[in-house]
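Coordinates as given in entry.txt (compact mmCIF, C-alpha atoms and all ligand atoms):
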# COMPACT_ATOMS: atom_id res chain seq x y z
CA MET A 22 10.14 -11.08 22.62
CA GLN A 23 7.08 -9.50 24.20
CA SER A 24 6.93 -6.98 21.34
CA LYS A 25 6.98 -9.85 18.79
CA ILE A 26 4.04 -11.50 20.57
CA PHE A 27 2.21 -8.15 20.65
CA TRP A 28 2.62 -7.59 16.89
CA GLY A 29 1.69 -11.21 16.19
CA LEU A 30 -1.56 -10.75 18.12
CA MET A 31 -2.19 -7.42 16.35
CA LEU A 32 -1.90 -9.13 12.94
CA VAL A 33 -4.30 -11.91 13.94
CA SER A 34 -6.74 -9.30 15.22
CA LEU A 35 -6.49 -7.26 11.99
CA ALA A 36 -7.03 -10.37 9.89
CA LEU A 37 -10.13 -11.32 11.86
CA ASN A 38 -11.59 -7.83 11.59
CA ASN A 39 -10.88 -7.41 7.88
CA PRO A 40 -13.30 -9.51 5.83
CA LYS A 41 -11.08 -9.23 2.73
CA THR A 42 -8.48 -11.47 4.37
CA LEU A 43 -11.00 -14.20 5.24
CA ALA A 44 -12.27 -16.99 3.04
CA GLN A 45 -15.98 -16.51 3.51
CA THR A 46 -19.17 -17.26 1.66
CA LEU A 47 -21.82 -14.66 0.81
CA PRO A 48 -24.66 -13.92 3.26
CA LEU A 49 -27.67 -16.20 2.87
CA SER A 50 -31.27 -15.15 2.40
CA PRO A 51 -33.47 -16.04 5.45
CA GLN A 52 -35.56 -18.36 3.26
CA LEU A 53 -32.60 -20.76 3.09
CA ILE A 54 -31.19 -22.96 5.87
CA PRO A 55 -27.42 -23.45 5.61
CA PHE A 56 -26.25 -27.05 5.92
CA ASN A 57 -23.26 -25.84 7.98
CA SER A 58 -25.52 -24.99 10.95
CA SER A 59 -26.96 -27.15 13.73
CA GLN A 60 -30.44 -26.74 12.21
CA GLY A 61 -29.12 -27.76 8.79
CA GLU A 62 -27.42 -30.84 10.24
CA GLN A 63 -30.57 -31.84 12.11
CA LEU A 64 -32.63 -31.68 8.91
CA LEU A 65 -30.36 -34.34 7.40
CA LEU A 66 -30.54 -36.52 10.52
CA ASP A 67 -34.36 -36.30 10.39
CA SER A 68 -34.53 -36.88 6.62
CA GLN A 69 -36.24 -40.01 5.37
CA ALA A 70 -34.86 -39.56 1.82
CA ARG A 71 -31.09 -39.15 2.10
CA GLN A 72 -29.64 -42.17 0.29
CA ASP A 73 -27.89 -39.98 -2.26
CA TYR A 74 -26.26 -37.75 0.35
CA PHE A 75 -23.68 -40.32 1.39
CA LEU A 76 -22.52 -41.29 -2.10
CA LEU A 77 -22.48 -37.67 -3.33
CA SER A 78 -20.68 -36.32 -0.26
CA ASN A 79 -17.86 -38.79 -1.02
CA GLN A 80 -17.47 -37.05 -4.39
CA PHE A 81 -18.28 -33.42 -3.46
CA VAL A 82 -16.07 -31.02 -5.45
CA THR A 83 -15.80 -27.28 -5.98
CA GLN A 84 -16.27 -26.08 -9.58
CA ILE A 85 -12.84 -25.14 -11.00
CA ASN A 86 -14.07 -22.02 -12.77
CA GLN A 87 -17.14 -19.86 -12.39
CA ALA A 88 -18.96 -21.41 -15.38
CA TYR A 89 -18.20 -25.05 -14.59
CA CYS A 90 -21.11 -25.80 -12.21
CA GLY A 91 -22.55 -28.32 -14.69
CA VAL A 92 -19.20 -30.03 -15.19
CA ALA A 93 -18.52 -30.26 -11.43
CA SER A 94 -22.05 -31.63 -10.79
CA SER A 95 -21.66 -34.19 -13.59
CA VAL A 96 -18.27 -35.36 -12.31
CA MET A 97 -19.76 -35.93 -8.84
CA VAL A 98 -22.67 -37.97 -10.21
CA LEU A 99 -20.62 -39.99 -12.73
CA ASN A 100 -18.12 -40.95 -10.01
CA ALA A 101 -20.94 -41.73 -7.55
CA LEU A 102 -22.55 -44.01 -10.16
CA GLY A 103 -19.22 -45.78 -10.66
CA LEU A 104 -19.28 -45.42 -14.47
CA SER A 105 -16.16 -46.23 -16.47
CA ALA A 106 -13.97 -43.12 -16.32
CA PRO A 107 -11.16 -41.86 -18.57
CA GLU A 108 -7.59 -41.79 -17.24
CA SER A 109 -6.83 -38.72 -15.17
CA ARG A 110 -3.72 -36.78 -16.24
CA GLN A 111 -3.25 -35.54 -12.67
CA TYR A 112 -3.62 -38.95 -11.05
CA LYS A 113 -2.16 -41.18 -13.80
CA PRO A 114 -2.57 -44.18 -14.11
CA PHE A 115 -5.86 -43.90 -12.16
CA HIS A 116 -9.19 -43.57 -13.90
CA VAL A 117 -11.59 -41.10 -12.34
CA PHE A 118 -13.87 -38.37 -13.68
CA THR A 119 -12.38 -34.93 -13.06
CA GLN A 120 -13.31 -31.49 -14.34
CA GLU A 121 -10.04 -31.56 -16.32
CA ASN A 122 -10.72 -34.81 -18.21
CA PHE A 123 -14.50 -34.38 -18.56
CA PHE A 124 -14.19 -33.23 -22.20
CA ASP A 125 -11.49 -35.76 -23.24
CA ARG A 126 -13.91 -38.10 -25.01
CA GLU A 127 -14.73 -37.34 -28.65
CA GLU A 128 -18.46 -37.99 -28.04
CA THR A 129 -18.41 -35.40 -25.24
CA LYS A 130 -16.66 -32.72 -27.33
CA LYS A 131 -19.33 -33.19 -30.01
CA VAL A 132 -22.08 -32.07 -27.59
CA VAL A 133 -20.39 -28.75 -26.72
CA SER A 134 -16.77 -27.62 -26.37
CA ALA A 135 -14.95 -27.14 -23.06
CA ASP A 136 -14.09 -23.64 -24.23
CA LEU A 137 -17.72 -22.63 -24.75
CA VAL A 138 -18.80 -24.15 -21.41
CA SER A 139 -15.93 -22.26 -19.69
CA ARG A 140 -17.35 -19.00 -21.00
CA ARG A 141 -21.13 -19.53 -20.95
CA GLY A 142 -21.90 -22.61 -18.87
CA MET A 143 -24.30 -25.20 -20.25
CA THR A 144 -28.03 -25.59 -20.91
CA LEU A 145 -30.19 -28.31 -19.38
CA ALA A 146 -30.28 -30.20 -22.70
CA GLN A 147 -26.48 -30.03 -22.97
CA LEU A 148 -26.15 -31.29 -19.40
CA GLY A 149 -28.25 -34.33 -20.32
CA ASP A 150 -26.31 -35.00 -23.54
CA LEU A 151 -22.93 -34.58 -21.85
CA LEU A 152 -23.87 -37.17 -19.20
CA ILE A 153 -25.10 -39.53 -21.95
CA SER A 154 -21.75 -39.13 -23.75
CA HIS A 155 -20.12 -40.72 -20.68
CA GLY A 156 -22.45 -43.73 -20.72
CA ALA A 157 -25.13 -42.57 -18.27
CA LYS A 158 -28.87 -42.92 -18.86
CA VAL A 159 -30.58 -39.57 -18.43
CA LYS A 160 -34.12 -38.27 -18.27
CA VAL A 161 -34.48 -34.51 -18.75
CA TYR A 162 -37.40 -32.64 -17.13
CA TYR A 163 -38.24 -29.03 -17.99
CA GLY A 164 -39.76 -26.79 -15.33
CA SER A 165 -42.45 -25.72 -17.82
CA ASP A 166 -43.75 -29.31 -18.05
CA ILE A 167 -44.00 -30.27 -14.40
CA ASP A 168 -46.24 -29.29 -11.49
CA LEU A 169 -45.05 -29.00 -7.90
CA ASP A 170 -46.47 -32.35 -6.73
CA ARG A 171 -44.82 -34.29 -9.54
CA PHE A 172 -41.55 -32.39 -9.07
CA ARG A 173 -41.50 -33.27 -5.36
CA PHE A 174 -42.54 -36.88 -6.01
CA LEU A 175 -39.88 -37.55 -8.67
CA LEU A 176 -37.06 -36.09 -6.58
CA LEU A 177 -38.24 -37.79 -3.38
CA GLN A 178 -38.39 -41.15 -5.15
CA ASN A 179 -34.89 -40.66 -6.54
CA LEU A 180 -33.40 -39.53 -3.22
CA SER A 181 -34.72 -42.71 -1.58
CA LYS A 182 -32.62 -44.94 -3.90
CA ARG A 183 -28.84 -45.25 -4.09
CA ASP A 184 -28.39 -46.19 -7.73
CA ASN A 185 -29.63 -42.94 -9.33
CA PHE A 186 -29.05 -39.20 -8.86
CA ALA A 187 -30.70 -35.85 -9.50
CA ILE A 188 -29.03 -32.66 -10.76
CA VAL A 189 -31.01 -29.44 -10.80
CA ASN A 190 -30.63 -26.39 -13.07
CA TYR A 191 -32.12 -23.31 -11.41
CA LEU A 192 -32.04 -19.52 -11.23
CA ARG A 193 -30.30 -18.36 -8.06
CA LYS A 194 -31.98 -14.95 -7.99
CA THR A 195 -35.37 -16.52 -7.17
CA ILE A 196 -34.08 -17.71 -3.77
CA GLY A 197 -32.19 -14.53 -2.98
CA GLN A 198 -28.76 -15.73 -4.10
CA GLU A 199 -26.35 -14.04 -6.48
CA ARG A 200 -27.51 -14.38 -9.19
CA GLY A 201 -27.70 -16.19 -12.56
CA GLY A 202 -28.47 -19.74 -13.65
CA HIS A 203 -26.76 -22.49 -11.70
CA ILE A 204 -26.43 -26.29 -11.60
CA SER A 205 -25.83 -28.57 -8.59
CA PRO A 206 -26.79 -32.04 -7.34
CA ILE A 207 -29.65 -32.58 -4.88
CA ALA A 208 -28.71 -34.82 -1.96
CA ALA A 209 -31.69 -35.20 0.41
CA TYR A 210 -35.28 -34.26 1.23
CA ASN A 211 -36.73 -33.35 4.63
CA GLN A 212 -40.43 -34.14 4.80
CA ARG A 213 -41.32 -32.12 7.92
CA THR A 214 -40.02 -28.85 6.45
CA ASP A 215 -40.64 -29.80 2.78
CA ARG A 216 -37.05 -28.84 1.88
CA PHE A 217 -34.41 -30.23 -0.47
CA LEU A 218 -30.67 -30.15 0.23
CA ILE A 219 -28.64 -28.66 -2.65
CA LEU A 220 -24.93 -29.60 -2.60
CA ASP A 221 -23.88 -26.29 -4.16
CA VAL A 222 -20.66 -26.86 -6.15
CA SER A 223 -19.62 -23.17 -5.92
CA ARG A 224 -18.33 -23.83 -2.43
CA TYR A 225 -16.28 -20.61 -2.43
CA LYS A 226 -19.57 -18.68 -2.63
CA TYR A 227 -22.31 -20.53 -0.70
CA PRO A 228 -22.56 -23.53 1.64
CA PRO A 229 -24.95 -26.38 0.78
CA VAL A 230 -28.48 -25.14 1.55
CA TRP A 231 -31.90 -26.52 2.42
CA VAL A 232 -34.43 -24.89 0.09
CA LYS A 233 -38.24 -25.13 0.18
CA ALA A 234 -39.64 -27.45 -2.51
CA ILE A 235 -41.92 -24.70 -3.80
CA ASP A 236 -39.02 -22.22 -4.08
CA LEU A 237 -36.84 -24.71 -5.95
CA TRP A 238 -39.74 -25.56 -8.23
CA GLN A 239 -40.22 -21.86 -9.02
CA GLU A 240 -36.51 -21.55 -9.77
CA ILE A 241 -36.61 -24.32 -12.38
CA LYS A 242 -39.61 -22.73 -14.12
CA THR A 243 -37.53 -19.68 -15.09
CA THR A 244 -36.39 -19.29 -18.71
CA ASP A 245 -32.78 -19.87 -19.75
CA ALA A 246 -32.20 -17.31 -22.54
CA ASP A 247 -29.33 -19.40 -24.04
CA ALA A 248 -31.66 -22.40 -24.40
CA GLY A 249 -34.90 -20.57 -25.22
CA LYS A 250 -36.54 -22.98 -22.75
CA THR A 251 -37.07 -23.23 -19.02
CA ARG A 252 -34.51 -24.69 -16.67
CA GLY A 253 -35.32 -27.99 -14.92
CA PHE A 254 -33.57 -31.11 -13.68
CA VAL A 255 -32.12 -34.41 -14.86
CA LEU A 256 -32.42 -37.86 -13.31
CA VAL A 257 -29.34 -39.97 -13.96
CA THR A 258 -28.69 -43.75 -13.75
CA LYS A 259 -26.11 -46.22 -15.05
CA CA B 301 -30.95 -41.62 -5.81

What do you get writing this file as C-alpha cells?
Amino acid sequence: MQSKIFWGLMLVSLALNNPKTLAQTLPLSPQLIPFNSSQGEQLLLDSQARQDYFLLSNQFVTQINQAYCGVASSVMVLNALGLSAPESRQYKPFHVFTQENFFDREETKKVVSADLVSRRGMTLAQLGDLLISHGAKVKVYYGSDIDLDRFRFLLLQNLSKRDNFAIVNYLRKTIGQERGGHISPIAAYNQRTDRFLILDVSRYKYPPVWVKAIDLWQEIKTTDADAGKTRGFVLVTK
C-alpha cells in the first residue's frame, strides 16, 4: 500500500516537473499584463469602460482551429448582440452561433469559404462582410487611416455602451507574442494605465491581456499581405 502511495506521488511530481504534460500558455512579454493575475483583475475593477466585458465573457470561446480566430470572435459578438442565429447541429433544436454553423448561411459562404478560412484565416474586410452576412451592422476601420487619439476615442466610446462591440485585427509580433496576424474582441479600457483588455480567443496559447493603447494601435497599422492593406478593427451593432 505504502509503495502504491509512493509511486502515485512520484508520478504527480514528474508531471509537475515536466512542462510537456501540463496545459500551459506561452510566456508573456513584460509589456503585457495578464488578466489572470491580481494586477490584471484590479485593472478591470478600476476600469470606467467595461460594459462589453460582461456580455462578452458570457460568450467567451476558444477558437476550434488555429486559423479560426475571426470566426470565434464573430461568434462571441453575434451571440452577445442577440442576433437571430441558425440552428446548431450540436445543440438541436437550439439556435445559437457556433464556430461549426457560422458558414451555414448561403450569404456567408459567398463572402469566403469555411475551407479557405480554415487554412488562411480572414482579412479585416472579410471579417466585416462575414458579420454583415449574419445581419450585423459593421463599420470597418483600417490602421492606416486612424491616429492614436481617434483609435482610443472610438474604442473607449464603444466599450462604454452595451449594445455594440469591437473586434481588433492585429499583428502579434509587435507586442512580443507568437507571431502572425490575429483577431479577438476587446472587452474593456483602463484609463489610468491607458490599456485595453483583449479577450484572446486562442486560449490554449495566451490568457486575455491588457495591452497599451499605443502598442495596440501600432499593431493594427501593420500590413496584412493577404489583403494588401493594413489591419485594423471593426465596430459591430445590431
Ligand atoms: Ca460596446

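One distance worth recording is that between atom CA of A:Leu145 and atom CA of A:Tyr74, which is 22.2 Å.
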
| Nearest to ligand CA 301 (chain B) by atom-to-atom distance, counting all atoms listed in the file, from A:Pro51, A:Gly197, A:Pro107, A:Pro206 | A:Pro206

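Atom to atom, atom CA of A:Asp215 and atom CA of A:Phe81 stand 23.5 Å apart.
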
| request: Quote the spacing between atom CA of A:Lys182 and atom CA of A:Ser58 in Å to one decimal place. | output: 25.9 Å

Determine, using only C-alpha atoms and all ligand atoms, which residues of chain A have any atom at most 6 Å from an atom of ligand CA 301 (chain B), and tabulate each with its shortest atom pair and distance in Å to one decimal place, rows ordered by chain and then rising number, as JSON lines.
{"residue": "A:Asp73", "atom": "CA", "partner": "B:CA301", "partner_atom": "CA", "distance": 5.0}
{"residue": "A:Asn179", "atom": "CA", "partner": "B:CA301", "partner_atom": "CA", "distance": 4.1}
{"residue": "A:Leu180", "atom": "CA", "partner": "B:CA301", "partner_atom": "CA", "distance": 4.1}
{"residue": "A:Ser181", "atom": "CA", "partner": "B:CA301", "partner_atom": "CA", "distance": 5.8}
{"residue": "A:Lys182", "atom": "CA", "partner": "B:CA301", "partner_atom": "CA", "distance": 4.2}
{"residue": "A:Arg183", "atom": "CA", "partner": "B:CA301", "partner_atom": "CA", "distance": 4.5}
{"residue": "A:Asp184", "atom": "CA", "partner": "B:CA301", "partner_atom": "CA", "distance": 5.6}
{"residue": "A:Asn185", "atom": "CA", "partner": "B:CA301", "partner_atom": "CA", "distance": 4.0}
{"residue": "A:Phe186", "atom": "CA", "partner": "B:CA301", "partner_atom": "CA", "distance": 4.3}

| field | Counting all atoms listed in the file, the residue of A:Gln80, A:Leu151, A:Asp166, A:Ala135 that sits nearest A:Val117 | value | A:Gln80

Near A:Ser205, counting all atoms listed in the file, which residues have an atom at most 8 Å away, once you skip same-chain residues fewer than 6 positions from it, shown as a short mmCIF file (atom, residue, chain, number, x, y, z; two decimals) with C-alpha atoms, in the coordinates of the input?
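And here is the file that came out, result_34.cif:
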data_model
loop_
_atom_site.label_atom_id
_atom_site.label_comp_id
_atom_site.auth_asym_id
_atom_site.auth_seq_id
_atom_site.Cartn_x
_atom_site.Cartn_y
_atom_site.Cartn_z
CA CYS A 90 -21.11 -25.80 -12.21
CA GLY A 91 -22.55 -28.32 -14.69
CA SER A 94 -22.05 -31.63 -10.79
CA ILE A 188 -29.03 -32.66 -10.76
CA VAL A 189 -31.01 -29.44 -10.80
CA ASN A 190 -30.63 -26.39 -13.07
CA ILE A 219 -28.64 -28.66 -2.65
CA LEU A 220 -24.93 -29.60 -2.60
CA ASP A 221 -23.88 -26.29 -4.16
CA VAL A 222 -20.66 -26.86 -6.15
#

Can stretch 125-136 of chain A be brought up to all heavy atoms and written out as a PDB file, in the coordinates of the input?
ATOM      1  N   ASP A 125     -12.500 -35.003 -22.469  1.00  0.00           N
ATOM      2  CA  ASP A 125     -11.490 -35.760 -23.240  1.00  0.00           C
ATOM      3  C   ASP A 125     -12.125 -36.641 -24.311  1.00  0.00           C
ATOM      4  O   ASP A 125     -11.529 -36.871 -25.352  1.00  0.00           O
ATOM      5  CB  ASP A 125     -10.635 -36.636 -22.305  1.00  0.00           C
ATOM      6  CG  ASP A 125      -9.537 -35.816 -21.624  1.00  0.00           C
ATOM      7  OD1 ASP A 125      -9.521 -34.582 -21.822  1.00  0.00           O
ATOM      8  OD2 ASP A 125      -8.712 -36.411 -20.895  1.00  0.00           O
ATOM      9  N   ARG A 126     -13.305 -37.176 -24.044  1.00  0.00           N
ATOM     10  CA  ARG A 126     -13.910 -38.100 -25.010  1.00  0.00           C
ATOM     11  C   ARG A 126     -14.438 -37.354 -26.241  1.00  0.00           C
ATOM     12  O   ARG A 126     -15.034 -36.269 -26.097  1.00  0.00           O
ATOM     13  CB  ARG A 126     -15.071 -38.861 -24.351  1.00  0.00           C
ATOM     14  CG  ARG A 126     -14.583 -39.940 -23.417  1.00  0.00           C
ATOM     15  CD  ARG A 126     -15.723 -40.763 -22.835  1.00  0.00           C
ATOM     16  NE  ARG A 126     -15.191 -41.927 -22.157  1.00  0.00           N
ATOM     17  CZ  ARG A 126     -15.664 -42.424 -21.024  1.00  0.00           C
ATOM     18  NH1 ARG A 126     -16.710 -41.877 -20.436  1.00  0.00           N
ATOM     19  NH2 ARG A 126     -15.107 -43.487 -20.483  1.00  0.00           N
ATOM     20  N   GLU A 127     -14.261 -37.965 -27.403  1.00  0.00           N
ATOM     21  CA  GLU A 127     -14.730 -37.340 -28.650  1.00  0.00           C
ATOM     22  C   GLU A 127     -16.241 -37.115 -28.615  1.00  0.00           C
ATOM     23  O   GLU A 127     -16.731 -36.080 -29.047  1.00  0.00           O
ATOM     24  CB  GLU A 127     -14.359 -38.210 -29.867  1.00  0.00           C
ATOM     25  CG  GLU A 127     -12.862 -38.227 -30.163  1.00  0.00           C
ATOM     26  CD  GLU A 127     -12.268 -36.833 -30.352  1.00  0.00           C
ATOM     27  OE1 GLU A 127     -12.926 -35.993 -30.998  1.00  0.00           O
ATOM     28  OE2 GLU A 127     -11.173 -36.568 -29.813  1.00  0.00           O
ATOM     29  N   GLU A 128     -16.993 -38.104 -28.093  1.00  0.00           N
ATOM     30  CA  GLU A 128     -18.460 -37.990 -28.040  1.00  0.00           C
ATOM     31  C   GLU A 128     -18.871 -36.789 -27.184  1.00  0.00           C
ATOM     32  O   GLU A 128     -19.888 -36.142 -27.450  1.00  0.00           O
ATOM     33  CB  GLU A 128     -19.093 -39.251 -27.420  1.00  0.00           C
ATOM     34  CG  GLU A 128     -18.765 -40.548 -28.113  1.00  0.00           C
ATOM     35  CD  GLU A 128     -17.520 -41.227 -27.527  1.00  0.00           C
ATOM     36  OE1 GLU A 128     -16.446 -40.583 -27.482  1.00  0.00           O
ATOM     37  OE2 GLU A 128     -17.624 -42.390 -27.130  1.00  0.00           O
ATOM     38  N   THR A 129     -18.092 -36.509 -26.148  1.00  0.00           N
ATOM     39  CA  THR A 129     -18.410 -35.400 -25.240  1.00  0.00           C
ATOM     40  C   THR A 129     -18.160 -34.054 -25.931  1.00  0.00           C
ATOM     41  O   THR A 129     -18.984 -33.137 -25.861  1.00  0.00           O
ATOM     42  CB  THR A 129     -17.567 -35.504 -23.954  1.00  0.00           C
ATOM     43  OG1 THR A 129     -17.663 -36.829 -23.467  1.00  0.00           O
ATOM     44  CG2 THR A 129     -18.039 -34.536 -22.897  1.00  0.00           C
ATOM     45  N   LYS A 130     -17.007 -33.980 -26.625  1.00  0.00           N
ATOM     46  CA  LYS A 130     -16.660 -32.720 -27.330  1.00  0.00           C
ATOM     47  C   LYS A 130     -17.704 -32.385 -28.386  1.00  0.00           C
ATOM     48  O   LYS A 130     -17.907 -31.212 -28.702  1.00  0.00           O
ATOM     49  CB  LYS A 130     -15.305 -32.874 -28.020  1.00  0.00           C
ATOM     50  CG  LYS A 130     -14.135 -32.869 -27.078  1.00  0.00           C
ATOM     51  CD  LYS A 130     -12.839 -33.085 -27.861  1.00  0.00           C
ATOM     52  CE  LYS A 130     -11.726 -33.485 -26.925  1.00  0.00           C
ATOM     53  NZ  LYS A 130     -10.626 -34.165 -27.581  1.00  0.00           N
ATOM     54  N   LYS A 131     -18.332 -33.433 -28.968  1.00  0.00           N
ATOM     55  CA  LYS A 131     -19.330 -33.190 -30.010  1.00  0.00           C
ATOM     56  C   LYS A 131     -20.572 -32.481 -29.464  1.00  0.00           C
ATOM     57  O   LYS A 131     -21.261 -31.781 -30.184  1.00  0.00           O
ATOM     58  CB  LYS A 131     -19.755 -34.511 -30.667  1.00  0.00           C
ATOM     59  CG  LYS A 131     -18.774 -35.000 -31.718  1.00  0.00           C
ATOM     60  CD  LYS A 131     -19.278 -36.289 -32.339  1.00  0.00           C
ATOM     61  CE  LYS A 131     -18.135 -37.001 -33.039  1.00  0.00           C
ATOM     62  NZ  LYS A 131     -18.396 -38.437 -33.225  1.00  0.00           N
ATOM     63  N   VAL A 132     -20.887 -32.701 -28.189  1.00  0.00           N
ATOM     64  CA  VAL A 132     -22.080 -32.070 -27.590  1.00  0.00           C
ATOM     65  C   VAL A 132     -21.861 -30.555 -27.485  1.00  0.00           C
ATOM     66  O   VAL A 132     -22.677 -29.751 -27.935  1.00  0.00           O
ATOM     67  CB  VAL A 132     -22.369 -32.658 -26.189  1.00  0.00           C
ATOM     68  CG1 VAL A 132     -23.547 -31.938 -25.540  1.00  0.00           C
ATOM     69  CG2 VAL A 132     -22.624 -34.153 -26.276  1.00  0.00           C
ATOM     70  N   VAL A 133     -20.743 -30.163 -26.887  1.00  0.00           N
ATOM     71  CA  VAL A 133     -20.390 -28.750 -26.720  1.00  0.00           C
ATOM     72  C   VAL A 133     -18.916 -28.710 -26.298  1.00  0.00           C
ATOM     73  O   VAL A 133     -18.436 -29.640 -25.648  1.00  0.00           O
ATOM     74  CB  VAL A 133     -21.317 -28.034 -25.694  1.00  0.00           C
ATOM     75  CG1 VAL A 133     -21.281 -28.706 -24.350  1.00  0.00           C
ATOM     76  CG2 VAL A 133     -21.003 -26.550 -25.541  1.00  0.00           C
ATOM     77  N   SER A 134     -18.203 -27.648 -26.672  1.00  0.00           N
ATOM     78  CA  SER A 134     -16.770 -27.620 -26.370  1.00  0.00           C
ATOM     79  C   SER A 134     -16.515 -27.143 -24.941  1.00  0.00           C
ATOM     80  O   SER A 134     -17.307 -26.390 -24.364  1.00  0.00           O
ATOM     81  CB  SER A 134     -16.039 -26.712 -27.345  1.00  0.00           C
ATOM     82  OG  SER A 134     -16.381 -25.365 -27.075  1.00  0.00           O
ATOM     83  N   ALA A 135     -15.366 -27.577 -24.404  1.00  0.00           N
ATOM     84  CA  ALA A 135     -14.950 -27.140 -23.060  1.00  0.00           C
ATOM     85  C   ALA A 135     -14.803 -25.625 -23.040  1.00  0.00           C
ATOM     86  O   ALA A 135     -15.155 -24.965 -22.059  1.00  0.00           O
ATOM     87  CB  ALA A 135     -13.641 -27.813 -22.688  1.00  0.00           C
ATOM     88  N   ASP A 136     -14.321 -25.077 -24.153  1.00  0.00           N
ATOM     89  CA  ASP A 136     -14.090 -23.640 -24.230  1.00  0.00           C
ATOM     90  C   ASP A 136     -15.405 -22.854 -24.090  1.00  0.00           C
ATOM     91  O   ASP A 136     -15.494 -21.895 -23.319  1.00  0.00           O
ATOM     92  CB  ASP A 136     -13.426 -23.323 -25.584  1.00  0.00           C
ATOM     93  CG  ASP A 136     -13.159 -21.849 -25.733  1.00  0.00           C
ATOM     94  OD1 ASP A 136     -12.519 -21.283 -24.830  1.00  0.00           O
ATOM     95  OD2 ASP A 136     -13.617 -21.256 -26.734  1.00  0.00           O
TER      96      ASP A 136
END
